[in-house]
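Student: Once you've had a glance at the structure underneath, I'll fire off some questions.
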Amino acid sequence: MTHYIAIIEDAGPEFAVGVWFPDLPGCTSAGEDLDDALRNAPEALALHLEGLKELPRARTLVELKRDPDVAADLKDYMVAVIELPAHAHAAE
């Protein structure tokens, strides 16, 4: 199974909880609370990757920590590992 690291941004009760994937620019999701956001994240992954000829490589957390464009976000926000749903795959 393919897994991608997600960054979870919870700005408080007045805002949706946001989810984004450092390895997949433009792939975002959200929910009314943390549980809702995490439930929505796999479908966002599947929709984002639909139609691609091959899946982008998913970096490990260690690799992402070494990336200066991502390292600060990893310190400031929650992190989750999101599994790509079994029904999702790259186009052939």
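Residues in the structure tokens are named by chain (A, B, ... in the order shown) and by number from 1 within that chain; ligands are numbered from 1 in the order shown.
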Excluding Met1 in chain A and residues on its chain fewer than 5 positions from it, collect all residues at most 10 Å away from it, counting only C-alpha atoms, and give them as a list in words.
Tutor: Glu83, Leu84, Pro85 and Ala86 of chain A
Student: DSSP on the backbone: which residues in chain A end up as strand (DSSP E or B)? Give the answer as a list in words.
Tutor: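 Selection result, strand (DSSP E or B) within chain A: His3, Tyr4, Ile5, Ala6, Ile7, Ile8, Glu9, Asp10, Val17, Gly18, Val19, Trp20, Thr28, Ser29, Ala30, Gly31, Met78, Val79, Ala80, Val81, Ile82 and Glu83 of chain A.
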Student: Write a file of the selected residues as a PDB file, in the first residue's frame, keeping C-alpha atoms.
Tutor:
```pdb
ATOM      1  CA  HIS A   3       1.093   6.057   2.109  1.00  0.00           C
ATOM      2  CA  TYR A   4       1.588   9.819   1.987  1.00  0.00           C
ATOM      3  CA  ILE A   5       2.460  12.166   4.830  1.00  0.00           C
ATOM      4  CA  ALA A   6      -0.251  14.759   5.458  1.00  0.00           C
ATOM      5  CA  ILE A   7       0.057  17.981   7.419  1.00  0.00           C
ATOM      6  CA  ILE A   8      -2.996  18.822   9.504  1.00  0.00           C
ATOM      7  CA  GLU A   9      -3.756  22.467  10.299  1.00  0.00           C
ATOM      8  CA  ASP A  10      -6.299  23.106  13.042  1.00  0.00           C
ATOM      9  CA  VAL A  17      -9.400  21.592   9.905  1.00  0.00           C
ATOM     10  CA  GLY A  18      -7.190  21.602   6.804  1.00  0.00           C
ATOM     11  CA  VAL A  19      -5.147  18.752   5.364  1.00  0.00           C
ATOM     12  CA  TRP A  20      -2.432  19.042   2.728  1.00  0.00           C
ATOM     13  CA  THR A  28      -5.911  19.401  -0.047  1.00  0.00           C
ATOM     14  CA  SER A  29      -8.831  18.346   2.064  1.00  0.00           C
ATOM     15  CA  ALA A  30     -10.689  19.595   5.118  1.00  0.00           C
ATOM     16  CA  GLY A  31     -13.297  18.721   7.670  1.00  0.00           C
ATOM     17  CA  MET A  78       0.147  17.779  13.333  1.00  0.00           C
ATOM     18  CA  VAL A  79       1.241  15.052  10.939  1.00  0.00           C
ATOM     19  CA  ALA A  80      -0.675  11.990   9.785  1.00  0.00           C
ATOM     20  CA  VAL A  81       0.112   9.087   7.489  1.00  0.00           C
ATOM     21  CA  ILE A  82      -2.699   8.649   4.969  1.00  0.00           C
ATOM     22  CA  GLU A  83      -3.069   5.438   3.007  1.00  0.00           C
TER      23      GLU A  83
END
```
Student: Could you tell me which of A:Ala16, A:Leu24, A:Leu34, A:Ala11 comes closest to Arg59 in chain A if we count only C-alpha atoms?
Tutor: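 Counting only C-alpha atoms, the residue closest to Arg59 in chain A is A:Leu24.
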Student: List every residue of chain A that DSSP, applied to the backbone of this structure, places in alpha helix (DSSP H), and write the result as a PDB file with C-alpha atoms, in the first residue's frame.
Tutor:
```
ATOM      1  CA  LEU A  34      -9.935  16.441  13.091  1.00  0.00           C
ATOM      2  CA  ASP A  35     -11.794  13.153  12.683  1.00  0.00           C
ATOM      3  CA  ASP A  36     -13.774  14.497   9.741  1.00  0.00           C
ATOM      4  CA  ALA A  37     -10.636  15.881   8.083  1.00  0.00           C
ATOM      5  CA  LEU A  38      -8.827  12.547   8.449  1.00  0.00           C
ATOM      6  CA  ARG A  39     -11.823  10.649   7.037  1.00  0.00           C
ATOM      7  CA  ASN A  40     -11.843  12.944   3.983  1.00  0.00           C
ATOM      8  CA  ALA A  41      -8.097  12.807   3.295  1.00  0.00           C
ATOM      9  CA  PRO A  42      -7.919   9.400   1.508  1.00  0.00           C
ATOM     10  CA  GLU A  43     -10.601  10.435  -0.979  1.00  0.00           C
ATOM     11  CA  ALA A  44      -8.740  13.692  -1.669  1.00  0.00           C
ATOM     12  CA  LEU A  45      -5.640  11.606  -2.397  1.00  0.00           C
ATOM     13  CA  ALA A  46      -7.544   9.319  -4.739  1.00  0.00           C
ATOM     14  CA  LEU A  47      -9.136  12.204  -6.651  1.00  0.00           C
ATOM     15  CA  HIS A  48      -5.843  14.079  -6.939  1.00  0.00           C
ATOM     16  CA  LEU A  49      -3.987  11.061  -8.303  1.00  0.00           C
ATOM     17  CA  LEU A  61       8.970  11.704   7.390  1.00  0.00           C
ATOM     18  CA  VAL A  62      12.769  11.833   7.753  1.00  0.00           C
ATOM     19  CA  GLU A  63      13.121  13.034   4.152  1.00  0.00           C
ATOM     20  CA  LEU A  64      10.426  15.676   4.653  1.00  0.00           C
ATOM     21  CA  LYS A  65      12.154  16.940   7.819  1.00  0.00           C
ATOM     22  CA  PRO A  68      13.500  23.310   4.262  1.00  0.00           C
ATOM     23  CA  ASP A  69      10.201  24.070   2.484  1.00  0.00           C
ATOM     24  CA  VAL A  70       8.370  21.571   4.725  1.00  0.00           C
ATOM     25  CA  ALA A  71      10.408  21.357   7.954  1.00  0.00           C
ATOM     26  CA  ALA A  72       8.809  24.379   9.669  1.00  0.00           C
ATOM     27  CA  ASP A  73       5.290  23.106   8.951  1.00  0.00           C
ATOM     28  CA  LEU A  74       6.213  19.725  10.430  1.00  0.00           C
ATOM     29  CA  LYS A  75       7.207  21.493  13.650  1.00  0.00           C
ATOM     30  CA  ASP A  76       4.133  23.739  13.792  1.00  0.00           C
TER      31      ASP A  76
END
```
